[in-house]
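Text of my_file_26.cif (mmCIF, C-alpha atoms) as supplied:
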```
data_start
loop_
_atom_site.label_atom_id
_atom_site.label_comp_id
_atom_site.auth_asym_id
_atom_site.auth_seq_id
_atom_site.Cartn_x
_atom_site.Cartn_y
_atom_site.Cartn_z
CA MET A 1 0.00 0.00 0.00
CA LYS A 2 2.78 2.38 1.01
CA LYS A 3 4.63 1.60 -2.22
CA ILE A 4 1.54 2.50 -4.24
CA PHE A 5 1.26 5.83 -2.40
CA ALA A 6 4.96 6.53 -2.93
CA LEU A 7 4.68 5.71 -6.64
CA ALA A 8 1.57 7.86 -7.01
CA PHE A 9 3.32 10.71 -5.21
CA ALA A 10 6.40 10.39 -7.43
CA ALA A 11 4.14 10.37 -10.52
CA VAL A 12 2.36 13.50 -9.31
CA MET A 13 5.70 15.24 -8.69
CA PHE A 14 6.87 14.26 -12.17
CA VAL A 15 3.70 15.59 -13.80
CA GLY A 16 4.08 18.75 -11.69
CA CYS A 17 7.40 19.55 -13.35
CA VAL A 18 7.30 22.85 -15.16
CA LYS A 19 8.12 23.35 -18.86
CA SER A 20 11.71 24.54 -18.90
CA PRO A 21 15.07 23.62 -20.48
CA LEU A 22 16.37 23.03 -16.96
CA VAL A 23 14.30 21.62 -14.13
CA GLY A 24 15.37 21.51 -10.50
CA GLY A 25 13.85 18.77 -8.41
CA ILE A 26 13.36 21.05 -5.40
CA TYR A 27 13.32 24.56 -6.84
CA THR A 28 13.25 25.91 -10.40
CA ASP A 29 13.41 29.57 -11.42
CA VAL A 30 14.49 29.74 -15.06
CA LYS A 31 14.09 32.46 -17.70
CA ASP A 32 14.52 31.72 -21.37
CA GLY A 33 13.90 33.24 -24.77
CA LEU A 34 10.99 32.00 -26.83
CA ALA A 35 10.72 34.12 -30.00
CA VAL A 36 12.16 37.17 -31.75
CA THR A 37 10.53 39.16 -34.54
CA GLY A 38 11.83 41.74 -37.00
CA ASN A 39 9.86 44.59 -35.40
CA ALA A 40 11.92 47.42 -33.96
CA GLY A 41 11.75 48.75 -30.40
CA SER A 42 9.77 47.87 -27.33
CA SER A 43 8.25 50.32 -24.89
CA LYS A 44 5.58 48.01 -23.47
CA VAL A 45 5.75 44.73 -21.59
CA GLY A 46 2.88 42.33 -21.02
CA THR A 47 2.73 39.13 -19.00
CA ALA A 48 0.37 36.19 -18.81
CA GLU A 49 0.65 33.15 -16.62
CA ALA A 50 -0.63 29.67 -15.96
CA LYS A 51 -0.34 27.90 -12.62
CA GLY A 52 -0.22 24.27 -11.63
CA TYR A 53 -1.06 22.84 -8.24
CA VAL A 54 0.41 19.51 -6.99
CA GLY A 55 0.58 18.28 -10.58
CA ILE A 56 -3.17 17.67 -10.45
CA VAL A 57 -4.76 20.98 -11.41
CA ALA A 58 -3.34 23.46 -13.93
CA LEU A 59 -5.12 26.68 -14.88
CA GLY A 60 -4.44 29.84 -16.81
CA ASP A 61 -3.91 31.44 -20.19
CA ALA A 62 -0.18 31.86 -20.78
CA SER A 63 -0.50 32.56 -24.49
CA ILE A 64 1.49 35.24 -26.30
CA GLN A 65 -1.83 36.74 -27.40
CA ALA A 66 -2.99 37.09 -23.77
CA ALA A 67 0.28 38.72 -22.67
CA ALA A 68 0.25 41.17 -25.60
CA ARG A 69 -3.36 42.07 -24.85
CA GLU A 70 -2.56 42.79 -21.19
CA ALA A 71 -0.22 45.61 -22.22
CA GLY A 72 -1.95 46.75 -25.41
CA ILE A 73 0.90 45.49 -27.60
CA THR A 74 0.16 45.29 -31.31
CA ARG A 75 3.72 44.87 -32.64
CA ILE A 76 5.70 42.22 -30.82
CA HIS A 77 9.47 42.65 -30.54
CA HIS A 78 10.37 39.47 -28.68
CA VAL A 79 8.98 36.93 -26.22
CA ASP A 80 10.58 35.42 -23.13
CA TYR A 81 9.23 33.06 -20.56
CA GLN A 82 9.86 32.32 -16.94
CA ALA A 83 9.28 28.96 -15.31
CA LYS A 84 9.10 28.48 -11.57
CA SER A 85 8.51 25.34 -9.60
CA TYR A 86 8.54 24.63 -5.91
CA VAL A 87 9.14 20.88 -5.47
CA GLY A 88 6.63 20.28 -8.26
CA VAL A 89 3.89 21.22 -5.80
CA TYR A 90 3.36 24.75 -7.07
CA THR A 91 4.41 25.68 -10.60
CA ILE A 92 4.11 28.99 -12.43
CA TYR A 93 4.69 29.47 -16.15
CA THR A 94 4.85 33.12 -17.23
CA ILE A 95 5.03 34.49 -20.77
CA ILE A 96 6.65 37.93 -21.11
CA VAL A 97 5.98 39.84 -24.32
CA TYR A 98 7.92 42.99 -25.29
CA GLY A 99 6.70 45.30 -28.02
CA ASP A 100 4.88 48.51 -28.96
CA MET B 1 6.34 7.18 5.61
CA THR B 2 3.93 8.81 3.14
CA LYS B 3 2.91 11.46 5.69
CA ARG B 4 6.54 12.26 6.38
CA LEU B 5 7.28 12.52 2.65
CA LEU B 6 4.32 14.85 2.11
CA LEU B 7 5.24 17.00 5.11
CA THR B 8 8.87 17.28 3.98
CA THR B 9 7.79 18.20 0.44
CA PHE B 10 5.46 20.95 1.64
CA CYS B 11 8.07 22.28 4.09
CA ILE B 12 10.66 22.50 1.29
CA ALA B 13 8.12 24.17 -1.02
CA GLY B 14 7.22 26.65 1.73
CA ALA B 15 10.87 27.46 2.44
CA ALA B 16 11.58 27.96 -1.28
CA LEU B 17 8.55 30.28 -1.57
CA ALA B 18 9.65 32.30 1.47
CA VAL B 19 13.21 32.71 0.18
CA SER B 20 12.08 33.77 -3.30
CA ALA B 21 9.52 36.22 -1.84
CA GLN B 22 12.32 38.24 -0.24
CA ASN B 23 14.39 38.32 -3.42
CA ILE B 24 13.45 41.26 -5.67
CA ARG B 25 14.72 39.45 -8.79
CA SER B 26 11.63 37.27 -8.82
CA HIS B 27 9.37 40.33 -8.90
CA TYR B 28 10.59 42.06 -12.05
CA VAL B 29 12.25 41.56 -15.42
CA SER B 30 14.59 43.91 -17.26
CA LYS B 31 15.92 44.05 -20.78
CA ALA B 32 18.72 46.27 -22.12
CA GLU B 33 17.85 47.96 -25.40
CA ALA B 34 19.56 50.51 -27.65
CA ASP B 35 17.60 53.42 -26.16
CA GLY B 36 17.70 52.33 -22.51
CA VAL B 37 16.80 49.51 -20.17
CA ILE B 38 13.15 48.54 -19.88
CA TYR B 39 11.92 47.27 -16.50
CA HIS B 40 8.66 45.52 -15.77
CA THR B 41 7.28 44.52 -12.38
CA PHE B 42 5.12 41.41 -12.38
CA PRO B 43 1.41 41.92 -11.59
CA VAL B 44 0.53 42.11 -7.89
CA THR B 45 -2.83 42.19 -6.14
CA LEU B 46 -2.45 44.60 -3.24
CA PHE B 47 -5.83 46.35 -3.27
CA GLU B 48 -9.39 45.21 -2.80
CA SER B 49 -12.89 46.63 -2.67
CA ARG B 50 -15.76 44.90 -0.87
CA GLU B 51 -18.07 46.20 -3.54
CA THR B 52 -16.17 45.24 -6.67
CA GLY B 53 -13.29 42.85 -5.81
CA ASP B 54 -9.52 42.91 -6.24
CA LEU B 55 -7.31 45.29 -8.19
CA THR B 56 -4.11 43.93 -9.75
CA PHE B 57 -1.45 46.19 -11.22
CA ASP B 58 1.95 46.07 -12.89
CA ILE B 59 4.43 48.80 -13.75
CA THR B 60 6.64 49.28 -16.81
CA TYR B 61 9.47 51.79 -16.70
CA LYS B 62 11.82 52.58 -19.55
CA GLU B 63 14.90 54.70 -19.03
CA HIS B 64 15.29 58.07 -20.74
CA ARG B 65 11.58 58.63 -21.34
CA GLY B 66 11.35 61.71 -19.15
CA GLY B 67 10.86 59.67 -15.98
CA ARG B 68 7.40 58.47 -17.03
CA ALA B 69 6.15 55.08 -15.90
CA THR B 70 3.27 53.10 -17.35
CA ILE B 71 0.90 51.53 -14.85
CA ASN B 72 -1.47 48.85 -16.13
CA PHE B 73 -4.21 47.53 -13.88
CA THR B 74 -7.08 45.07 -13.88
CA CYS B 75 -10.20 45.42 -11.75
CA ARG B 76 -13.68 43.97 -11.66
CA MET B 77 -16.90 45.94 -11.66
CA ALA B 78 -20.58 45.17 -11.89
CA GLN B 79 -21.10 47.44 -14.90
CA ALA B 80 -19.44 47.77 -18.28
CA VAL B 81 -19.02 51.52 -17.80
CA PRO B 82 -15.43 52.45 -18.72
CA ALA B 83 -13.41 54.40 -16.14
CA ASP B 84 -12.22 57.97 -16.82
CA SER B 85 -9.34 58.38 -14.41
CA VAL B 86 -7.52 56.82 -11.46
CA ARG B 87 -5.60 57.91 -8.39
CA PHE B 88 -3.03 55.70 -6.62
CA ALA B 89 -2.14 57.44 -3.34
CA ALA B 90 0.24 56.42 -0.54
CA GLY B 91 1.29 59.13 1.95
CA TRP B 92 2.59 62.12 -0.01
CA ALA B 93 3.04 60.14 -3.23
CA VAL B 94 0.20 60.40 -5.72
CA LEU B 95 0.08 58.71 -9.11
CA ALA B 96 -2.95 59.95 -10.96
CA GLY B 97 -4.23 60.62 -14.43
CA PRO B 98 -6.73 59.79 -17.12
CA VAL B 99 -6.85 56.12 -18.02
CA GLU B 100 -6.85 54.48 -21.43
CA LYS B 101 -9.03 51.41 -21.77
CA LEU B 102 -7.21 48.26 -22.91
CA TYR B 103 -10.27 45.98 -22.83
CA LEU B 104 -13.47 45.08 -21.01
CA GLU B 105 -14.67 41.51 -20.89
CA PRO B 106 -17.70 39.86 -19.27
CA GLU B 107 -17.25 37.31 -16.51
CA LYS B 108 -19.59 35.10 -14.49
CA LYS B 109 -20.29 38.03 -12.18
CA GLY B 110 -19.80 41.47 -13.66
CA TRP B 111 -17.03 42.72 -15.93
CA LYS B 112 -13.27 42.56 -16.01
CA HIS B 113 -11.73 45.95 -16.82
CA ARG B 114 -8.14 46.50 -17.96
CA TYR B 115 -6.66 50.02 -18.14
CA THR B 116 -3.34 51.74 -18.61
CA PHE B 117 -2.10 55.19 -17.64
CA ASP B 118 1.11 57.18 -17.56
CA ALA B 119 2.41 58.43 -14.23
CA ASP B 120 5.36 60.32 -12.78
CA GLY B 121 7.96 57.61 -12.18
CA SER B 122 9.85 59.71 -9.62
CA GLN B 123 6.94 59.19 -7.20
CA LEU B 124 7.26 55.41 -7.21
CA CYS B 125 9.85 55.06 -4.41
CA GLY B 126 7.65 57.30 -2.25
CA PHE B 127 4.58 55.30 -3.20
CA PHE B 128 6.05 52.04 -1.92
CA ASP B 129 6.17 53.25 1.69
CA GLU B 130 5.65 50.28 4.00
CA GLN B 131 4.14 52.48 6.73
CA ALA B 132 1.62 54.22 4.45
CA GLU B 133 -2.07 53.34 4.12
CA PRO B 134 -2.40 53.49 0.36
CA GLU B 135 -5.61 53.40 -1.59
CA VAL B 136 -6.71 53.48 -5.20
CA THR B 137 -9.67 55.53 -6.37
CA LEU B 138 -11.12 54.73 -9.76
CA TYR B 139 -13.60 57.15 -11.31
CA ALA B 140 -16.19 55.51 -13.57
CA GLY B 141 -19.58 56.75 -14.67
CA GLY B 142 -19.24 59.88 -12.55
CA ARG B 143 -18.68 58.07 -9.25
CA PRO B 144 -15.56 57.01 -7.34
CA TYR B 145 -14.75 53.37 -6.49
CA VAL B 146 -12.27 53.05 -3.66
CA TYR B 147 -9.90 50.07 -3.38
CA ARG B 148 -8.21 49.76 0.01
CA VAL B 149 -4.88 48.08 0.65
CA LYS B 150 -4.50 44.51 1.86
CA ARG B 151 -2.28 45.24 4.87
CA SER B 152 -0.25 42.02 5.02
CA ALA B 153 0.28 41.92 1.25
CA TRP B 154 1.39 45.57 1.32
CA ARG B 155 3.83 45.00 4.19
CA SER B 156 5.55 42.20 2.31
CA TYR B 157 5.51 43.84 -1.14
CA ALA B 158 6.19 47.56 -0.38
CA PRO B 159 9.91 47.01 0.51
CA VAL B 160 10.32 44.97 -2.69
CA GLY B 161 8.70 47.70 -4.81
CA TYR B 162 10.85 50.36 -3.11
CA LYS B 163 14.05 48.40 -3.78
CA ILE B 164 13.16 47.83 -7.43
CA PHE B 165 12.59 51.53 -8.14
CA GLU B 166 15.56 52.61 -6.03
CA MET B 167 17.71 50.31 -8.19
CA ILE B 168 16.17 51.71 -11.39
CA TYR B 169 16.88 55.34 -10.40
CA VAL B 170 20.46 54.55 -9.40
CA ASN B 171 21.11 52.81 -12.71
CA GLU B 172 19.47 55.54 -14.78
CA LYS B 173 21.59 58.28 -13.16
CA ARG B 174 24.84 56.50 -14.03
#
```
Structure rendered as structure tokens:
Amino acid sequence: MKKIFALAFAAVMFVGCVKSPLVGGIYTDVKDGLAVTGNAGSSKVGTAEAKGYVGIVALGDASIQAAAREAGITRIHHVDYQAKSYVGVYTIYTIIVYGD
Amino acid sequence: MTKRLLLTTFCIAGAALAVSAQNIRSHYVSKAEADGVIYHTFPVTLFESRETGDLTFDITYKEHRGGRATINFTCRMAQAVPADSVRFAAGWAVLAGPVEKLYLEPEKKGWKHRYTFDADGSQLCGFFDEQAEPEVTLYAGGRPYVYRVKRSAWRSYAPVGYKIFEMIYVNEKR
């Protein structure tokens, strides 16, 4: 019985891992580039995020469209993202859009 | 065994959260560009109104733009009446001006409003005063809607906000 619980827990922790090129088992806080366009200049920044809880529930709209809309960006310069995870229990995925 | 594993996991997660909360790097992003560094603080929910709900805001500051900062905020209201202006006040620091609507969208209860406005960036260090009792007043349809601060959230975030804008001013003067 205990083995089943331990396996289930390990599975949940694995599912709870955040999307990132590098993942820390205990703590992850990684920023990375996602896209670059040919548009010049950026005076606005917009963010959008999705959150995951215990690898069971994940909610949010972390699309580039949502982040651009939050700041009124119509010409995107580049897009970064930030991934955070606390032991796979609480994960946050944030899209950061720069543009005008 | 399972209980101990769960407890240890949550303790580690809690400790990691507490450590990152005190670190200002997790609260903003910056990007160096040809015409100056652009800084952006991640959205925070520090204000609430019993009548309408929470107010979440973020700040974008770009160097060499005459010290102007852009404050974007999201709030919820019962009506779809766009706001005219806003006033963020904390002690002597006042950030106020006419707002520009980004979008309005219906939700289960009421409407989600998103606005942006330009403010005097030099007031931002003064605004993030931990001891102040800040409030936000939004003017929509000819009447004011007051959002009062969440005390505990303010106490933990105000020093972070102060440090971020102190760092920005120091770097811009260089």
- Go ahead and find all residues with at least one atom no further than 8 Å from (7.0, 26.0, -10.4) in the file's coordinates, using all atoms listed in the file; report them as a PyMOL selection string. chain A and resi 16-18+27-29+51-52+83-93
- Message: Considering all atoms listed in the file, can you say which of B:Val86, B:Gly91, B:Pro98, B:Thr116 comes closest to chain A?
- Response: B:Thr116
So which residues get picked by the PyMOL selection byres ((chain A) within 8 of (chain B)) here, written as a short mmCIF file (atom, residue, chain, number, x, y, z; two decimals) with C-alpha atoms, in the coordinates of the input?
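File result.cif, as written:
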```
data_model
loop_
_atom_site.label_atom_id
_atom_site.label_comp_id
_atom_site.auth_asym_id
_atom_site.auth_seq_id
_atom_site.Cartn_x
_atom_site.Cartn_y
_atom_site.Cartn_z
CA LYS A 2 2.78 2.38 1.01
CA PHE A 5 1.26 5.83 -2.40
CA ALA A 6 4.96 6.53 -2.93
CA ILE A 26 13.36 21.05 -5.40
CA TYR A 27 13.32 24.56 -6.84
CA GLY A 41 11.75 48.75 -30.40
CA SER A 43 8.25 50.32 -24.89
CA LYS A 44 5.58 48.01 -23.47
CA VAL A 45 5.75 44.73 -21.59
CA THR A 47 2.73 39.13 -19.00
CA ARG A 69 -3.36 42.07 -24.85
CA GLU A 70 -2.56 42.79 -21.19
CA ALA A 71 -0.22 45.61 -22.22
CA GLY A 72 -1.95 46.75 -25.41
CA TYR A 86 8.54 24.63 -5.91
CA VAL A 87 9.14 20.88 -5.47
CA VAL A 89 3.89 21.22 -5.80
CA TYR A 90 3.36 24.75 -7.07
#
```
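Distance annotation: of B:Tyr139, B:Tyr145, B:Tyr157, B:Phe165, the residue with the minimal separation from Glu48 of chain B is B:Tyr145; atom set is all atoms listed in the file.
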- Task: Find the spatial neighbours of Val79 of chain A, counting only C-alpha atoms, within a cut-off of 8 Å - ignore same-chain residues fewer than 6 positions away - and output them as a PyMOL selection string.
- Result: chain A and resi 33-36+64+95-98
- Item | Distance of atom CA of Leu55 of chain B from atom CA of Arg151 of chain B, expressed in Å to one decimal place | 14.0 Å
- Using the chain letters and numbers from the file, give me the residues hit by the PyMOL selection byres ((chain B and resi 137) around 8), as a ChimeraX atom specification. /B:86-88,135-136,138-139,144-147
Could you save those same residues with C-alpha atoms as a PDB file, in the frame of the given file?
```pdb
ATOM      1  CA  VAL B  86      -7.520  56.820 -11.460  1.00  0.00           C
ATOM      2  CA  ARG B  87      -5.600  57.910  -8.390  1.00  0.00           C
ATOM      3  CA  PHE B  88      -3.030  55.700  -6.620  1.00  0.00           C
ATOM      4  CA  GLU B 135      -5.610  53.400  -1.590  1.00  0.00           C
ATOM      5  CA  VAL B 136      -6.710  53.480  -5.200  1.00  0.00           C
ATOM      6  CA  LEU B 138     -11.120  54.730  -9.760  1.00  0.00           C
ATOM      7  CA  TYR B 139     -13.600  57.150 -11.310  1.00  0.00           C
ATOM      8  CA  PRO B 144     -15.560  57.010  -7.340  1.00  0.00           C
ATOM      9  CA  TYR B 145     -14.750  53.370  -6.490  1.00  0.00           C
ATOM     10  CA  VAL B 146     -12.270  53.050  -3.660  1.00  0.00           C
ATOM     11  CA  TYR B 147      -9.900  50.070  -3.380  1.00  0.00           C
TER      12      TYR B 147
END
```
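Excluding Ala40 of chain A itself and same-chain residues fewer than 3 positions from it, the residues having an atom within 10 Å of it are Thr37, Arg75, Ile76, His77, His78, Gly99 and Asp100 of chain A, counting only C-alpha atoms.
Selection by the PyMOL selection byres ((chain A and resi 49) around 6) on the present file picks out Ala48, Ala50, Ala62, Tyr93 and Thr94 of chain A.
Counting from atom CA of Ala83 of chain B, the distance to atom CA of Arg143 of chain B is 9.4 Å.
With only C-alpha atoms as the atoms that count, the minimum distance from Ala96 of chain B to the choices B:Met167, B:Cys75, B:Ala32, B:Leu124 is reached by B:Leu124.
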- Query: Looking at B:Asp118, B:Gly142, B:Lys150, B:Ala132, which one is nearest to Asp54 of chain B, with distances taken over only C-alpha atoms?
  - Reply: B:Lys150
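Computed from the coordinates, the atom CA of Gly121 of chain B to atom CA of Ser85 of chain B distance equals 17.5 Å.
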- Show which residues sit within 7 Å of Asp32 of chain A, as a list in words. Count only C-alpha atoms, and ignore same-chain residues fewer than 5 positions away. Asp80, Tyr81 and Gln82 of chain A
